[in-house]
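Trainee: First, the structure itself, so that you have it in front of you.
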2 protein chains.
Amino acid sequence: MKSTIKDVARSANVSVATVSRIVNGQPGYSEKTKQAVLEVVARLGYTPNAIARGLVKKTSSTIAILLPSLTGSFMAELLDGVVAAARQRDYNVIICNTGEDGRDMLKYLRVMGEQQVGGIIIASAEIKPEYVTAIFELKRPVVFVATFSDRHQIPYVKVDDQQAAYQATRYLIDRRHRHIGMLSGTQGDHISGTPRVRGFQLALEDAGLTFAPHQVTYGNFGFPSGLKACAQLIEQFSELTAIFAASDEMAVAALAYAYQHGIHVPRQLSVIGYDDTPLAQMVTPALTTVHQPIYDMGAKAVELLLERQAARECIIMPSWITERASVATLMN
Amino acid sequence: MKSTIKDVARSANVSVATVSRIVNGQPGYSEKTKQAVLEVVARLGYTPNAIARGLVKKTSSTIAILLPSLTGSFMAELLDGVVAAARQRDYNVIICNTGEDGRDMLKYLRVMGEQQVGGIIIASAEIKPEYVTAIFELKRPVVFVATFSDRHQIPYVKVDDQQAAYQATRYLIDRRHRHIGMLSGTQGDHISGTPRVRGFQLALEDAGLTFAPHQVTYGNFGFPSGLKACAQLIEQFSELTAIFAASDEMAVAALAYAYQHGIHVPRQLSVIGYDDTPLAQMVTPALTTVHQPIYDMGAKAVELLLERQAARECIIMPSWITERASVATLMN
DNA sequence: CTGAAAGCGCTTACAG
DNA sequence: CTGAAAGCGCTTACAG
């Protein structure tokens with residue numbers, strides 16, 4: 001049987017109050033009783049029950065992260081940042097997989113409320129109105145990361161997707177590409193879909209280039225979808241010399257497609273990605289891509305959640321292009 | 001203020017016992033009082049406090065997974081399997097990053113004990129003797145995944161690394177390769193290092209080929225280390241026609257190295273990896289590799305932990321080679 | 001410096 | 001079918 005605070009109190013001939021103070025390093029006891037108690041603690045192998053403590057203190061030193069999927073290195077890196085920042089603050093993190101379509105979002109929101117978590121981070125997902133309702137009912141700190149709601153004041157940390165896409169497109173234009181196609185993420189996705197397409201379009205138009213619907217093709221950010229989208233793009237827009245992909249995985253799919261069809265990257269086709277996940281440096285040719293500070297975004301979200309909740313700030317993280325080997329400058 | 005069971009009891013003119021029964025679907029109340037109570041529950045927005053329940057039931061419906069690192073798709077996939085299996089059983093999972101060298105292993109073991117978790121999964125890490133001591137003191141279910149202890153009876157689920165390495169090497173030999181090099185993981189790693197080298201050596205010797213130390217070179221399973229190890233291997237063993245890498249990332253590093261040096265894969269150099277992470281299908285040429293059922297291993301670990309703890313079984317999962325495009329059959 | 005006691009929000013025999 | 005009461009393992013005023 002696990003020993004409790006009562007056991008050590010009895011064994012040390014003191015009250016539980018005294019044991020509690022000593023174990024928690026609060027003032028109020030002599031060095032002598034401290035030694036005696038600590039000795040009993042060691043002998044009995046006593047460890048405090050965090051559940052009981054949580055009940056009286058009404059907080060459990062844990063936060064939850066809700067994410068749509070665990071696959072893909074984006075989430076792994078985000079999680080890494082969250083867990084590291086939480087550990088620094090002695091918080092545990094519970095991980096909830098809500099499913100790609102947010103199927104279990106509402107369920108987890110409720111369950112995490114019941115678990116009395118200190119706060120909830122919601123990652124990269126379409127925020128439906130009913131989520132927002134549930135969030136407000138929870139009366140608990142929530143922050144979004146890599147997503148946001150444009151209708152409600154809920155803190156978020158993310159990159160400016162439209163601007164980042166603009167930069168990436170501009171990068172291609174500056175290297176004299178005039179026929180640029182885009183591999184977009186999920187069509188109709190207001191978070192990471194539409195804004196990136198808009199940035200793409202804007203950059204083209206600002207440079208005096210035309211933008212037509214057949215220049216963009218859609219997938220779901222994943223590799224297989226990228227393969228299909230790339231085939232379709234090249235078929236309907238054969239004059240293209242460069243591709244901007246809305247995710248590294250889709251960009252890598254373009255690389256794979258090109259290789260299979262004997263198209264040399266970057267000599268015959270330039271490719272720029274989005275995310276800068278570890279994948280980008282591993283492929284050949286190494287991928288030039290939009291860098292998102294994913295790890296830092298996770299860490300920042302924790303900070304917002306735990307220490308700056310009152311401020312209700314939103315944070316736009318900087319993004320930039322990390323140059324590698326998949327984009328060529330055109331000669332003419 | 002959040003309402004408690006007392007609030008709804010008062011509001012519904014019943015005892016807390018009755019509310020408890022109704023909320024938990026236990027027998028013992030009339031349909032009429034049930035309706036009345038449920039109505040109050042809805043009106044007050046009452047949700048039970050899982051912490052309080054955990055205190056009396058002495059279990060918290062959460063398990064912990066301790067892993068050395070979150071980066072790399074191996075861990076992401078494992079985590080995915082664990083989380084999915086836990087969700088099925090209405091368990092939450094707390095994720096603890098112990099650091100590559102197990103720096104925080106002991107700390108987390110203690111903290112998770114205090115959190116009264118229902119069980120602990122320890123993933124892919126060297127198991128030091130002091131861990132085992134701490135594990136036994138915990139008196140809580142523990143299962144290892146992708147690792148094990150050869151000195152103590154603690155359930156594990158893993159692949160037979162030596163055998164898998166043997167198969168991979170054999171695969172190369174069957175395709176007429178006679179000069180085969182290996183990119184090993186961490187030197188001295190008893191879990192995923194040594195056994196794979198041993199399998200490699202055995203396969204060579206069984207085929208009547210020689211095995212010499214200069215045929216293997218060491219990294220730490222990661223991509224950058226693979227690049228270095230590959231350079232070194234090719235320098236000291238230039239006649240090689242095929243490489244067996246102890247991880248997909250190291251195999252991909254070999255692909256990258258070859259590309260940079262104008263060596264065509266698989267025409268001039270064959271490469272086989274280990275893990276079959278998503279990465280393997282994304283690179284070009286697509287990587288032939290040893291498939292580990294990582295997701296299933298995570299799910300299995302949860303099953304062992306929660307439902308078959310008493311049996312104390314260990315499970316060796318099957319592995320196989322998934323053929324893609326990075327290995328060629330030699331002609332001569 | 002120390003202890004008795006109330007209380008955190010539940011569940012669960014036990015009695016009716 | 002229903003309730004009074006004890007108890008889960010702690011923390012924290014309060015009193016001395």
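Identifiers in this document derive from the order of the structure tokens: chains are assigned A, B, ..., residues are numbered from 1 separately in each chain, and ligands are numbered from 1 in order of occurrence.
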Can you pull out the residues contacting region 7-9 of chain C? Cut-off 8 Å, using only C-alpha atoms (C1' of nucleotides), and skip same-chain residues under 5 positions away; I want them as an NGL selection string.
Mentor: (:A and (55-58)) or (:B and (4-5 or 49 or 52-53))
Trainee: Output N, CA and C atoms of each residue in that selection to a file, as a short mmCIF file (atom, residue, chain, number, x, y, z; two decimals), in the first residue's frame.
Mentor:
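Okay, part.cif is ready:
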```cif
data_model
loop_
_atom_site.label_atom_id
_atom_site.label_comp_id
_atom_site.auth_asym_id
_atom_site.auth_seq_id
_atom_site.Cartn_x
_atom_site.Cartn_y
_atom_site.Cartn_z
N LEU A 55 -7.06 18.79 -5.92
CA LEU A 55 -8.44 19.00 -5.48
C LEU A 55 -8.55 20.22 -4.58
N VAL A 56 -7.65 20.34 -3.63
CA VAL A 56 -7.75 21.50 -2.74
C VAL A 56 -7.25 22.78 -3.40
N LYS A 57 -6.21 22.66 -4.21
CA LYS A 57 -5.68 23.88 -4.83
C LYS A 57 -6.44 24.28 -6.10
N LYS A 58 -7.34 23.43 -6.51
CA LYS A 58 -8.15 23.74 -7.68
C LYS A 58 -7.37 24.02 -8.95
N THR B 4 -21.00 22.78 -8.50
CA THR B 4 -20.57 21.46 -8.05
C THR B 4 -21.78 20.55 -7.89
N ILE B 5 -21.49 19.34 -7.50
CA ILE B 5 -22.56 18.37 -7.33
C ILE B 5 -23.53 18.83 -6.24
N ASN B 49 -16.16 16.98 -11.62
CA ASN B 49 -14.75 17.26 -11.42
C ASN B 49 -13.98 15.95 -11.38
N ALA B 52 -11.62 15.25 -8.34
CA ALA B 52 -12.27 14.75 -7.13
C ALA B 52 -12.63 13.28 -7.29
N ARG B 53 -13.15 12.95 -8.45
CA ARG B 53 -13.48 11.56 -8.68
C ARG B 53 -12.23 10.69 -8.60
#
```
Trainee: Run DSSP on the backbone and give me the residues of region 179-248 of chain B it puts in strand (DSSP E or B), as a PyMOL selection string.
Mentor: chain B and resi 180-184+216-218+242-245
Trainee: Identify, with DSSP run on backbone atoms, the residues in region 205-251 of chain A assigned to alpha helix (DSSP H), and express the list as a PyMOL selection string.
Mentor: chain A and resi 205-206+223-236+248-251
Trainee: Contacts from chain B to chain D, 12 Å maximum, only C-alpha atoms (C1' of nucleotides): show me the residue list as a list in words.
Mentor: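 The complete set of qualifying residues is Ala9, Asn13, Val14, Ser15, Val16, Ala17, Thr18, Val19, Arg21, Pro27, Gly28, Tyr29, Ser30, Glu31, Lys32, Thr33, Lys34, Ile51, Ala52, Arg53, Gly54, Leu55, Val56, Lys57, Lys58, Thr59, Glu114 and Gln116 of chain B.
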Trainee: May I have the residues from that selection written out with C-alpha atoms, as a PDB file, in the first residue's frame?
Mentor:
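part.pdb, freshly written:
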```
ATOM      1  CA  ALA B   9     -28.394  18.540  -5.439  1.00  0.00           C
ATOM      2  CA  ASN B  13     -34.010  18.982  -3.973  1.00  0.00           C
ATOM      3  CA  VAL B  14     -32.250  15.642  -3.861  1.00  0.00           C
ATOM      4  CA  SER B  15     -29.121  14.360  -2.196  1.00  0.00           C
ATOM      5  CA  VAL B  16     -25.683  14.450  -3.786  1.00  0.00           C
ATOM      6  CA  ALA B  17     -25.762  10.668  -3.768  1.00  0.00           C
ATOM      7  CA  THR B  18     -28.689  10.683  -6.120  1.00  0.00           C
ATOM      8  CA  VAL B  19     -27.079  13.204  -8.421  1.00  0.00           C
ATOM      9  CA  ARG B  21     -25.866   8.027  -9.424  1.00  0.00           C
ATOM     10  CA  PRO B  27     -29.117   2.286 -11.027  1.00  0.00           C
ATOM     11  CA  GLY B  28     -31.244   3.615  -8.222  1.00  0.00           C
ATOM     12  CA  TYR B  29     -33.646   6.417  -9.031  1.00  0.00           C
ATOM     13  CA  SER B  30     -36.988   7.059 -10.635  1.00  0.00           C
ATOM     14  CA  GLU B  31     -37.312   8.338 -14.147  1.00  0.00           C
ATOM     15  CA  LYS B  32     -38.972  11.405 -12.723  1.00  0.00           C
ATOM     16  CA  THR B  33     -36.126  12.478 -10.476  1.00  0.00           C
ATOM     17  CA  LYS B  34     -33.707  11.667 -13.251  1.00  0.00           C
ATOM     18  CA  ILE B  51      -9.883  15.307 -10.015  1.00  0.00           C
ATOM     19  CA  ALA B  52     -12.271  14.752  -7.127  1.00  0.00           C
ATOM     20  CA  ARG B  53     -13.481  11.556  -8.678  1.00  0.00           C
ATOM     21  CA  GLY B  54      -9.903  10.436  -9.183  1.00  0.00           C
ATOM     22  CA  LEU B  55      -9.177  11.013  -5.537  1.00  0.00           C
ATOM     23  CA  VAL B  56     -11.841   8.669  -4.329  1.00  0.00           C
ATOM     24  CA  LYS B  57     -11.482   6.100  -7.085  1.00  0.00           C
ATOM     25  CA  LYS B  58      -7.717   6.149  -6.795  1.00  0.00           C
ATOM     26  CA  THR B  59      -7.152   6.160 -10.508  1.00  0.00           C
ATOM     27  CA  GLU B 114       2.493  11.562  -7.936  1.00  0.00           C
ATOM     28  CA  GLN B 116      -1.427   8.765 -10.006  1.00  0.00           C
TER      29      GLN B 116
END
```
Trainee: Give me, as a ChimeraX atom specification, the residues of chain B touching chain A, with the criterion being at most 8 Å (counting only C-alpha atoms).
Mentor: /B:47-52,54-55,70-73,76-77,79-80,83-84,92-97,113-116,223,249,252-253,255-256,259,279,282-285
Trainee: Which neighbours of Arg198 (chain B) fall inside 12 Å, counting only C-alpha atoms (C1' of nucleotides), when residues of the same chain fewer than 2 positions from it are skipped, and could you give them as number ranges by chain?
Mentor: B: 160-167, 169, 182, 184, 188, 190-196, 200-206, 211, 213, 216, 246
Trainee: For the atom pair CA of Tyr218 (chain A) and CA of Tyr295 (chain B), what is the interatomic distance in Å to one decimal place?
Mentor: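 Answer for the CA of Tyr218 (chain A) to CA of Tyr295 (chain B) separation: 28.3 Å.
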Trainee: What is the distance between CA of Asn24 (chain A) and CA of Ala134 (chain B), in Å to one decimal?
Mentor: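 Here the two named atoms are 21.9 Å from each other.
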